[in-house]
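Novice: Hey, dropping query.txt in here, compact mmCIF, C-alpha atoms and all ligand atoms:
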# COMPACT_ATOMS: atom_id res chain seq x y z
CA MET A 99 0.00 0.00 0.00
CA VAL A 100 1.45 3.41 -0.96
CA MET A 101 0.71 6.21 1.48
CA PRO A 102 -0.44 9.58 0.12
CA PRO A 103 2.43 12.11 0.12
CA ILE A 104 2.76 14.53 3.00
CA LYS A 105 0.89 17.64 1.86
CA ALA A 106 3.40 20.11 3.30
CA THR A 107 5.98 18.79 0.81
CA LYS A 108 4.60 21.17 -1.81
CA GLN A 109 5.34 24.17 0.40
CA MET A 110 8.79 22.82 1.20
CA LYS A 111 9.61 22.53 -2.49
CA LYS A 112 8.49 26.12 -2.99
CA LEU A 113 10.70 27.29 -0.11
CA MET A 114 13.71 25.51 -1.57
CA GLU A 115 13.06 26.98 -4.99
CA ASP A 116 12.79 30.48 -3.49
CA HIS A 117 16.02 29.83 -1.57
CA PHE A 118 18.03 28.94 -4.67
CA LEU A 119 16.46 31.55 -6.93
CA GLY A 120 17.07 34.15 -4.21
CA LEU A 121 20.76 33.22 -4.10
CA ALA A 122 21.01 33.45 -7.90
CA LYS A 123 19.36 36.89 -7.83
CA ALA A 124 21.74 38.06 -5.09
CA LYS A 125 24.67 37.08 -7.32
CA GLU A 126 23.17 38.82 -10.32
CA GLU A 127 22.59 42.05 -8.41
CA GLY A 128 25.67 41.85 -6.20
CA ASN A 129 23.52 42.32 -3.14
CA PRO A 130 23.19 40.85 -0.58
CA LYS A 131 26.59 39.19 -0.53
CA VAL A 132 26.65 35.38 -0.46
CA ALA A 133 28.29 33.44 2.37
CA TRP A 134 28.88 29.72 2.13
CA CYS A 135 28.39 27.94 5.42
CA THR A 136 28.90 24.39 6.66
CA SER A 137 25.67 22.66 7.61
CA VAL A 138 26.15 23.03 11.36
CA GLY A 139 28.26 26.20 11.09
CA PRO A 140 27.45 29.70 12.39
CA ALA A 141 24.62 30.40 9.92
CA GLU A 142 22.81 32.66 12.40
CA LEU A 143 25.77 35.03 12.58
CA LEU A 144 25.89 35.18 8.78
CA HIS A 145 22.19 35.96 8.46
CA ALA A 146 22.53 38.62 11.14
CA MET A 147 25.34 40.20 9.13
CA GLY A 148 23.01 40.46 6.13
CA PHE A 149 24.39 37.61 3.98
CA ASP A 150 22.37 35.24 1.86
CA VAL A 151 23.58 31.87 3.11
CA TYR A 152 24.33 28.87 0.90
CA PHE A 153 25.08 25.36 2.21
CA PRO A 154 27.29 23.22 -0.06
CA GLU A 155 26.42 20.04 1.84
CA ASN A 156 22.85 20.49 0.68
CA HIS A 157 24.22 20.59 -2.87
CA GLY A 158 26.29 17.50 -2.03
CA ALA A 159 23.12 15.67 -0.97
CA MET A 160 21.42 16.72 -4.23
CA LEU A 161 24.37 15.36 -6.19
CA GLY A 162 23.96 12.09 -4.31
CA ALA A 163 20.18 11.88 -4.59
CA THR A 164 20.25 12.57 -8.34
CA ARG A 165 23.16 10.09 -8.65
CA MET A 166 25.12 12.71 -10.60
CA ALA A 167 27.86 12.15 -8.01
CA THR A 168 28.88 8.87 -9.66
CA ASP A 169 30.01 10.62 -12.84
CA LEU A 170 31.40 13.72 -11.15
CA ILE A 171 33.60 12.24 -8.39
CA PRO A 172 36.26 11.16 -10.95
CA GLU A 173 36.69 14.82 -12.00
CA ALA A 174 37.82 15.70 -8.47
CA VAL A 175 39.94 12.54 -8.26
CA ALA A 176 41.71 13.57 -11.47
CA ALA A 177 42.44 16.92 -9.81
CA GLY A 178 44.17 15.16 -6.92
CA TYR A 179 41.38 14.60 -4.38
CA SER A 180 41.41 11.03 -3.08
CA PRO A 181 38.31 8.89 -3.76
CA GLU A 182 38.55 7.85 -0.10
CA ILE A 183 37.77 11.33 1.31
CA CYS A 184 34.28 12.78 1.78
CA SER A 185 32.20 12.10 -1.32
CA TYR A 186 30.23 15.33 -0.75
CA LEU A 187 33.54 17.11 -1.25
CA THR A 188 34.61 15.07 -4.28
CA SER A 189 31.21 15.20 -5.96
CA ASP A 190 30.82 18.94 -5.29
CA VAL A 191 34.33 19.82 -6.49
CA GLY A 192 33.80 17.46 -9.46
CA SER A 193 30.52 19.22 -10.22
CA TYR A 194 32.30 22.58 -10.24
CA LEU A 195 35.14 21.31 -12.45
CA ALA A 196 32.71 19.71 -14.92
CA GLY A 197 30.35 22.70 -14.90
CA GLN A 198 27.35 20.53 -14.05
CA THR A 199 24.86 20.85 -11.22
CA PRO A 200 21.48 19.37 -10.30
CA LEU A 201 20.34 22.98 -9.80
CA THR A 202 20.04 23.27 -13.59
CA ARG A 203 17.35 20.62 -13.87
CA ALA A 204 15.65 21.59 -10.61
CA TYR A 205 15.65 25.38 -10.89
CA GLY A 206 17.11 26.33 -14.27
CA LEU A 207 20.35 27.61 -12.69
CA GLU A 208 23.64 27.26 -14.51
CA SER A 209 25.80 26.98 -11.43
CA VAL A 210 25.95 27.19 -7.67
CA PRO A 211 26.16 30.76 -6.32
CA ARG A 212 29.77 31.92 -6.13
CA ALA A 213 30.83 32.73 -2.57
CA ASP A 214 31.87 36.18 -1.36
CA VAL A 215 33.11 34.57 1.84
CA LEU A 216 33.43 30.96 3.03
CA VAL A 217 32.67 30.15 6.67
CA PHE A 218 33.16 26.76 8.31
CA ASN A 219 32.96 25.09 11.64
CA ASN A 220 35.01 21.90 11.60
CA ASN A 221 32.96 20.46 14.49
CA GLN A 222 31.61 17.84 12.06
CA CYS A 223 34.87 16.93 10.31
CA ARG A 224 38.16 18.28 8.96
CA GLU A 225 36.99 17.81 5.37
CA VAL A 226 34.78 20.89 5.34
CA GLN A 227 37.80 23.12 5.82
CA ASP A 228 39.67 21.54 2.89
CA TRP A 229 36.51 21.63 0.81
CA PHE A 230 36.05 25.37 1.38
CA MET A 231 39.76 25.96 0.89
CA PHE A 232 39.40 24.68 -2.68
CA TYR A 233 36.92 27.48 -3.46
CA ALA A 234 38.82 30.10 -1.47
CA ARG A 235 41.83 29.43 -3.71
CA GLU A 236 39.75 29.18 -6.85
CA TRP A 237 37.93 32.49 -6.34
CA ASP A 238 40.43 34.30 -4.14
CA VAL A 239 37.82 35.02 -1.47
CA PRO A 240 38.24 34.97 2.33
CA LEU A 241 37.93 31.74 4.28
CA VAL A 242 37.18 32.03 7.99
CA GLY A 243 36.07 29.47 10.49
CA ILE A 244 35.98 27.84 13.85
CA ASN A 245 38.36 25.10 14.88
CA ASN A 246 36.13 23.24 17.24
CA PRO A 247 37.30 20.90 20.02
CA ARG A 248 36.30 17.32 19.20
CA VAL A 249 35.62 13.98 20.91
CA ILE A 250 34.49 15.67 24.10
CA HIS A 251 32.49 14.04 26.85
CA GLU A 252 31.26 17.05 28.74
CA VAL A 253 31.04 20.56 27.30
CA LYS A 254 33.18 22.75 29.57
CA GLU A 255 33.31 26.51 30.01
CA SER A 256 36.81 26.53 28.49
CA HIS A 257 35.41 24.92 25.28
CA VAL A 258 32.61 27.49 25.12
CA ALA A 259 35.01 30.40 25.67
CA ASP A 260 37.26 29.11 22.88
CA VAL A 261 34.47 28.78 20.29
CA LYS A 262 32.91 32.10 21.34
CA SER A 263 36.15 33.95 20.88
CA GLN A 264 36.64 32.41 17.43
CA MET A 265 33.17 33.63 16.47
CA HIS A 266 34.05 37.14 17.64
CA ASP A 267 37.26 36.97 15.61
CA MET A 268 35.30 36.40 12.39
CA ILE A 269 33.23 39.55 12.70
CA PRO A 270 35.71 42.08 11.20
CA VAL A 271 36.05 39.96 8.03
CA LEU A 272 32.29 39.51 7.80
CA GLU A 273 31.77 43.27 8.25
CA GLN A 274 34.26 44.01 5.53
CA VAL A 275 32.78 41.58 3.00
CA SER A 276 29.11 42.37 3.71
CA GLY A 277 29.59 46.11 4.13
CA ASN A 278 27.32 45.91 7.22
CA LYS A 279 28.12 46.63 10.86
CA PHE A 280 27.49 43.84 13.34
CA ASP A 281 24.23 44.49 15.19
CA ILE A 282 23.66 42.51 18.40
CA ASP A 283 19.89 43.07 18.33
CA ARG A 284 19.62 41.63 14.84
CA PHE A 285 21.81 38.71 15.96
CA ARG A 286 19.48 38.04 18.89
CA GLU A 287 16.50 38.13 16.56
CA VAL A 288 18.04 35.56 14.18
CA VAL A 289 19.12 33.26 17.02
CA GLY A 290 15.57 33.53 18.42
CA LEU A 291 14.14 32.44 15.07
CA SER A 292 16.62 29.61 14.85
CA LYS A 293 15.56 28.49 18.32
CA GLN A 294 11.91 28.49 17.24
CA CYS A 295 12.87 26.39 14.22
CA THR A 296 14.80 23.89 16.33
CA ILE A 297 11.96 23.50 18.84
CA ARG A 298 9.61 22.61 16.01
CA TRP A 299 12.07 20.31 14.24
CA ARG A 300 12.53 18.40 17.50
CA LYS A 301 8.75 17.98 17.73
CA VAL A 302 8.62 16.65 14.16
CA LEU A 303 11.23 14.03 15.05
CA GLU A 304 9.59 13.20 18.36
CA GLY A 305 6.38 12.51 16.43
CA ALA A 306 8.00 9.17 15.60
CA ALA A 307 7.48 8.11 19.22
CA HIS A 308 3.84 7.63 18.32
CA HIS A 309 2.63 4.13 17.34
CA PRO A 310 2.22 3.89 14.40
CA SER A 311 4.81 6.42 13.35
CA PRO A 312 3.46 9.10 10.98
CA MET A 313 6.88 9.60 9.37
CA THR A 314 10.02 7.61 8.68
CA PHE A 315 13.71 8.48 8.46
CA PHE A 316 13.24 8.85 4.70
CA ASP A 317 10.54 11.49 5.23
CA HIS A 318 12.77 13.21 7.78
CA CYS A 319 15.62 13.32 5.24
CA ILE A 320 13.36 15.34 2.95
CA HIS A 321 11.64 17.56 5.50
CA MET A 322 14.87 18.49 7.31
CA ALA A 323 15.84 20.82 4.45
CA PRO A 324 14.35 24.01 5.99
CA ALA A 325 16.01 23.22 9.36
CA VAL A 326 19.35 23.05 7.55
CA VAL A 327 19.21 25.84 5.00
CA LEU A 328 16.58 28.24 6.38
CA ARG A 329 17.18 28.17 10.13
CA GLY A 330 17.24 31.72 11.46
CA LYS A 331 14.45 32.73 9.07
CA GLN A 332 10.73 33.09 9.72
CA GLU A 333 9.94 30.85 6.70
CA ALA A 334 11.44 27.82 8.46
CA VAL A 335 9.36 28.43 11.59
CA ASP A 336 6.16 28.79 9.54
CA TYR A 337 7.01 25.69 7.55
CA TYR A 338 7.32 23.49 10.63
CA ASP A 339 4.08 24.88 12.04
CA LEU A 340 2.41 23.70 8.84
CA LEU A 341 4.10 20.30 8.95
CA LEU A 342 3.38 19.79 12.66
CA ALA A 343 -0.33 20.52 12.14
CA GLU A 344 -0.36 17.79 9.49
CA ILE A 345 1.54 15.37 11.72
CA ASP A 346 -0.86 16.04 14.61
CA GLN A 347 -3.77 15.19 12.35
CA MET A 348 -2.02 12.02 11.15
CA VAL A 349 -1.42 10.98 14.75
CA GLN A 350 -5.08 11.61 15.64
CA ASP A 351 -6.18 9.59 12.61
CA GLN A 352 -3.66 6.81 13.39
CA VAL A 353 -2.09 7.23 9.94
CA ALA A 354 1.00 5.04 9.59
CA ALA A 355 3.90 6.01 7.34
CA VAL A 356 4.39 2.27 6.88
CA PRO A 357 1.03 0.51 7.17
CA GLY A 358 1.06 -2.55 9.42
CA GLU A 359 4.41 -1.64 11.01
CA GLN A 360 5.77 -4.70 12.77
CA VAL A 361 9.17 -3.65 14.06
CA ARG A 362 10.71 -0.20 14.35
CA LEU A 363 14.32 0.61 13.57
CA TYR A 364 16.93 3.28 14.31
CA TRP A 365 19.46 4.48 11.70
CA ASP A 366 22.90 5.66 12.68
CA GLY A 367 25.15 7.33 10.12
CA MET A 368 24.77 9.18 6.86
CA PRO A 369 21.88 8.47 4.48
CA VAL A 370 22.74 6.64 1.25
CA TRP A 371 21.37 9.50 -0.84
CA GLY A 372 21.31 7.62 -4.14
CA ARG A 373 19.43 4.68 -2.60
CA LEU A 374 16.85 6.37 -0.39
CA ARG A 375 13.99 5.15 -2.53
CA MET A 376 15.28 1.57 -2.78
CA LEU A 377 15.81 1.34 1.00
CA SER A 378 12.51 3.01 1.77
CA GLU A 379 10.61 0.60 -0.50
CA LEU A 380 12.42 -2.40 0.94
CA LEU A 381 11.57 -1.42 4.53
CA ASN A 382 7.97 -0.63 3.54
CA GLU A 383 7.64 -4.14 2.16
CA LEU A 384 9.15 -5.58 5.31
CA GLN A 385 6.82 -3.39 7.42
CA ALA A 386 9.88 -2.27 9.36
CA PRO A 387 10.04 1.54 9.39
CA ILE A 388 13.17 3.38 10.43
CA VAL A 389 11.56 5.88 12.78
CA SER A 390 14.54 7.75 14.19
CA SER A 391 18.13 8.61 13.26
CA THR A 392 21.21 10.31 14.58
CA TYR A 393 21.62 12.15 11.29
CA CYS A 394 18.29 13.99 11.20
CA ASN A 395 18.54 14.75 14.92
CA SER A 396 21.76 16.67 14.24
CA TRP A 397 19.81 19.83 13.48
CA ILE A 398 18.26 20.01 16.93
CA PHE A 399 20.14 22.81 18.70
CA ASP A 400 18.63 22.83 22.19
CA ALA A 401 21.22 25.25 23.56
CA LEU A 402 20.24 28.23 21.39
CA ASP A 403 19.08 31.21 23.42
CA GLU A 404 18.65 34.71 22.05
CA ARG A 405 19.39 36.22 25.47
CA ASP A 406 23.00 35.09 25.12
CA PRO A 407 23.52 34.50 21.39
CA PHE A 408 27.31 34.00 21.31
CA ASP A 409 27.40 31.72 24.33
CA SER A 410 24.42 29.67 23.24
CA MET A 411 25.63 29.29 19.65
CA ALA A 412 28.99 28.09 20.92
CA ARG A 413 27.25 25.56 23.16
CA ALA A 414 25.04 24.38 20.29
CA ALA A 415 28.13 23.81 18.13
CA LEU A 416 29.84 21.92 20.95
CA GLU A 417 26.86 19.80 21.97
CA LEU A 418 26.57 18.34 18.49
CA PHE A 419 26.52 14.51 18.47
CA ASN A 420 29.46 14.39 16.05
CA VAL A 421 31.67 16.33 18.43
CA ARG A 422 31.19 13.97 21.38
CA ASP A 423 32.93 10.88 22.67
CA ASP A 424 31.46 7.40 22.35
CA ASP A 425 30.14 7.32 25.92
CA PHE A 426 28.03 10.38 25.25
CA LYS A 427 26.94 9.09 21.83
CA GLU A 428 25.81 5.77 23.25
CA GLY A 429 23.71 7.49 25.91
CA TYR A 430 22.19 9.68 23.22
CA VAL A 431 21.28 6.79 20.90
CA LYS A 432 19.86 4.89 23.87
CA GLU A 433 17.58 7.79 24.75
CA TRP A 434 16.12 8.00 21.23
CA VAL A 435 15.85 4.22 20.87
CA GLU A 436 13.82 4.06 24.06
CA ARG A 437 11.74 7.13 23.22
CA CYS A 438 10.74 5.71 19.85
CA GLY A 439 10.24 2.06 20.86
CA VAL A 440 12.91 0.76 18.53
CA ALA A 441 13.63 -2.99 18.19
CA GLY A 442 16.93 -2.86 16.29
CA ILE A 443 19.64 -0.46 15.13
CA ILE A 444 21.16 -0.23 11.66
CA PHE A 445 24.63 1.34 11.52
CA HIS A 446 25.70 2.68 8.15
CA ASP A 447 29.46 2.40 7.74
CA ALA A 448 29.94 5.18 5.17
CA LYS A 449 33.26 4.55 3.50
CA THR A 450 34.11 8.22 2.89
CA CYS A 451 32.70 9.69 6.12
CA PRO A 452 34.41 8.21 9.19
CA TYR A 453 33.09 11.15 11.23
CA ASN A 454 29.46 10.13 10.82
CA THR A 455 30.24 6.43 11.10
CA ASN A 456 30.01 4.99 14.60
CA SER A 457 30.38 1.28 13.94
CA ARG A 458 34.17 1.08 13.72
CA PHE A 459 35.03 1.10 17.44
CA ALA A 460 32.60 -1.58 18.71
CA MET A 461 29.67 0.73 19.44
CA PRO A 462 27.15 -1.70 17.87
CA GLN A 463 28.37 -4.46 20.18
CA ARG A 464 28.27 -2.26 23.29
CA LEU A 465 24.82 -0.90 22.52
CA SER A 466 23.49 -4.31 21.65
CA GLN A 467 24.65 -5.62 25.00
CA GLU A 468 23.39 -2.68 26.98
CA LEU A 469 20.02 -2.38 25.31
CA GLY A 470 19.47 -6.07 24.60
CA LEU A 471 18.78 -5.17 20.95
CA PRO A 472 20.22 -6.62 17.75
CA THR A 473 22.33 -4.32 15.60
CA LEU A 474 23.31 -4.53 11.95
CA VAL A 475 26.19 -2.81 10.14
CA ILE A 476 25.74 -2.15 6.43
CA ASN A 477 28.57 -0.98 4.20
CA GLY A 478 27.97 1.90 1.87
CA ASP A 479 28.48 5.58 1.36
CA LEU A 480 26.58 8.84 1.30
CA ASN A 481 27.28 9.62 -2.38
CA ASP A 482 29.75 7.16 -3.82
CA LEU A 483 27.64 4.19 -4.86
CA ARG A 484 30.71 2.13 -5.74
CA PHE A 485 30.80 1.34 -2.02
CA PHE A 486 27.17 0.20 -1.81
CA SER A 487 25.78 -3.10 -3.02
CA ASP A 488 22.00 -3.22 -3.44
CA GLU A 489 21.98 -7.00 -3.21
CA GLN A 490 24.13 -7.19 -0.11
CA ALA A 491 22.18 -4.47 1.69
CA LYS A 492 18.87 -6.10 0.79
CA THR A 493 19.96 -9.57 1.94
CA ASN A 494 21.39 -8.24 5.20
CA ILE A 495 18.38 -6.06 6.02
CA GLU A 496 15.89 -8.82 5.21
CA ALA A 497 17.73 -11.26 7.46
CA PHE A 498 17.95 -8.64 10.22
CA VAL A 499 14.21 -7.88 10.14
CA GLU A 500 13.44 -11.59 10.12
CA GLN A 501 15.58 -12.00 13.25
CA LEU A 502 13.73 -9.12 14.93
CA LEU A 503 10.35 -10.61 14.04
CA GLU A 504 11.38 -13.99 15.44
CA GLN A 505 12.46 -12.32 18.66
CA ALA A 506 9.20 -10.39 18.87
CA ALA A 507 7.06 -13.52 18.28
S1 LIG B 601 30.64 15.06 8.06
FE1 LIG B 601 31.14 13.47 6.57
S2 LIG B 601 29.71 13.80 4.89
FE2 LIG B 601 29.69 15.66 6.12
S3 LIG B 601 31.17 16.99 5.11
FE3 LIG B 601 32.25 15.88 6.73
S4 LIG B 601 33.14 14.03 5.79
FE4 LIG B 601 31.58 14.90 4.41
Written as structure tokens, that's how I'd like the structure from this file.
Specialist:
Amino acid sequence: MVMPPIKATKQMKKLMEDHFLGLAKAKEEGNPKVAWCTSVGPAELLHAMGFDVYFPENHGAMLGATRMATDLIPEAVAAGYSPEICSYLTSDVGSYLAGQTPLTRAYGLESVPRADVLVFNNNQCREVQDWFMFYAREWDVPLVGINNPRVIHEVKESHVADVKSQMHDMIPVLEQVSGNKFDIDRFREVVGLSKQCTIRWRKVLEGAAHHPSPMTFFDHCIHMAPAVVLRGKQEAVDYYDLLLAEIDQMVQDQVAAVPGEQVRLYWDGMPVWGRLRMLSELLNELQAPIVSSTYCNSWIFDALDERDPFDSMARAALELFNVRDDDFKEGYVKEWVERCGVAGIIFHDAKTCPYNTNSRFAMPQRLSQELGLPTLVINGDLNDLRFFSDEQAKTNIEAFVEQLLEQAA
């Protein structure tokens, strides 16, 4: 049985179109200036400084989802970038070198918007810095960023002070490029909007605690787009109000994203963008929805607080799952597994993203023991489908769900 699409999707597509067309117009008119930002970087500060903000990882995901990545990665490899490093980076750089982008088909745009400044936070990985460095060299534009502490158990005041001071250090460059003076009231306003967005996005994800779940991980991967690229803007807040109203109605009407759900799963790691549909259809058939994931939860920034925007943004960057040690991560996964009534965990070992892969240091074994739940590790990648075998994934997932059903019987 195929469920009717979520109605809010139409509005989300419109928002994304407006986002990209707005960036193209900004480039055409030279105003506002365009800042590139990493997906969990200081976007709020950039909005407050009057930039239009573009997120290359979103473009990376589009390259994966359209499977253009497969043909474009070799372009970056030929330019000296290893096929073993982040395939967002290699597919995005390859896309630039080949002069091809999914934005052409989707929105009629010839290229991604050229950056006036590149801003990273390497809290998620070191790759983002090298990725942005490519464009900084190519276009001779400033690159600024935050070198975030990593693998931390407890966020300490010294960590917060460090990140805060690096944010302050960026302001003179941002003022120079944007031509605008930093305004603390505007910054508070943007952080306040981002907070409103994050509260709503958390509620969307917590909706999966309901039985049956109104949405799956695959729906979350689509509907997270405003939380990533429009956080800090009123449009994102309004969008999640619309989506939440629809989810509430679905919950009242007992609408299941996967009719007849039998067992519920958790996904840890990056999505396999080029195989979302195949995996979604497989799990629909097996009546085993993935209801929660570490990945989609990564855009919940509980710490944000407009009363102390620098401090709270630094904390949000430091509290990120990716930045933490395994002890913290295991506690976090446990909390969501219990909240959502999950029977088994799938770990995606993404070949080119060790940072978002948590299966390499025995976490599946430890969690399995602690929670009394089976775990499965599947090999693959976010964008590079050479590392993903449809047959192998299908066989392993089918056997895993069968095991869960036997245990449940
Ligand atoms: S976190 Fe992983 S997928 Fe994201 S930019 Fe870094 S290496 Fe690439």
Novice: List all protein, DNA and RNA residues that have any atom at most 8 Å from ligand LIG 601 (chain B), counting only C-alpha atoms and all ligand atoms, and write the list as a ChimeraX atom specification.
Specialist: /A:136,155,183-187,222-226,368,450-454,480
Novice: Counting only C-alpha atoms, which residue out of A:Asn245, A:Glu115, A:Pro240, A:Gly178 sits closest to Asn220 in chain A?
Specialist: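 Distance minimum relative to Asn220 in chain A lands on A:Asn245.
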Novice: Quick one: everything within 9 Å of Asn395 in chain A, counting only C-alpha atoms, minus sequence neighbours fewer than 6 positions away in the same chain. Send it as a list in words.
Specialist: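 Result of the neighbour search: Trp299, Arg300, Leu303 and Phe419 of chain A.
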Novice: Tell me which residues come within 12 Å of (11.0, 30.2, -0.5), as a PyMOL selection string, counting only C-alpha atoms in the file's coordinates.
Specialist: chain A and resi 108-121+323-324+327-328+331-334+336-337
Novice: For the selection just defined, write its residues with C-alpha atoms to a file, as a compact mmCIF listing (two decimals), in the frame of the given file.
Specialist:
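Writing done, so here's part_8.txt:
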# COMPACT_ATOMS: atom_id res chain seq x y z
CA LYS A 108 4.60 21.17 -1.81
CA GLN A 109 5.34 24.17 0.40
CA MET A 110 8.79 22.82 1.20
CA LYS A 111 9.61 22.53 -2.49
CA LYS A 112 8.49 26.12 -2.99
CA LEU A 113 10.70 27.29 -0.11
CA MET A 114 13.71 25.51 -1.57
CA GLU A 115 13.06 26.98 -4.99
CA ASP A 116 12.79 30.48 -3.49
CA HIS A 117 16.02 29.83 -1.57
CA PHE A 118 18.03 28.94 -4.67
CA LEU A 119 16.46 31.55 -6.93
CA GLY A 120 17.07 34.15 -4.21
CA LEU A 121 20.76 33.22 -4.10
CA ALA A 323 15.84 20.82 4.45
CA PRO A 324 14.35 24.01 5.99
CA VAL A 327 19.21 25.84 5.00
CA LEU A 328 16.58 28.24 6.38
CA LYS A 331 14.45 32.73 9.07
CA GLN A 332 10.73 33.09 9.72
CA GLU A 333 9.94 30.85 6.70
CA ALA A 334 11.44 27.82 8.46
CA ASP A 336 6.16 28.79 9.54
CA TYR A 337 7.01 25.69 7.55
Novice: Please determine, counting all atoms listed in the file, which residue among A:Glu504, A:Gly128, A:Leu241, A:His266 has the shortest atom-to-atom distance to Phe280 in chain A.
Specialist: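 The answer is A:His266, which sits nearest to Phe280 in chain A.
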Novice: From the set A:Glu142, A:Asp488, A:Asp351, A:Asp482, which residue has the shortest atom-to-atom contact distance to Lys293 in chain A, counting all atoms listed in the file?
Specialist: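 Closest to Lys293 in chain A, using all atoms listed in the file: A:Glu142.
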Novice: What is the CA of Ile398 in chain A-CA of Gly290 in chain A distance in Å, reported with one decimal?
Specialist: 13.9 Å
Novice: Quick one: residues within 9 Å of (28.5, 0.3, 14.1) (file frame), counting all atoms listed in the file, please, as a list in words.
Specialist: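 Residues with an atom at most 9 Å from (28.5, 0.3, 14.1): Asp366, Gly367, Ile443, Ile444, Phe445, His446, Asp447, Thr455, Asn456, Ser457, Arg458, Phe459, Ala460, Met461, Pro462, Gln463, Thr473, Leu474, Val475 and Ile476 of chain A.
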Novice: Rounded to one decimal in Å, what is the spacing between CA of Ile171 in chain A and CA of Gly192 in chain A?
Specialist: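 Rounded to one decimal, the two atoms are 5.3 Å apart.
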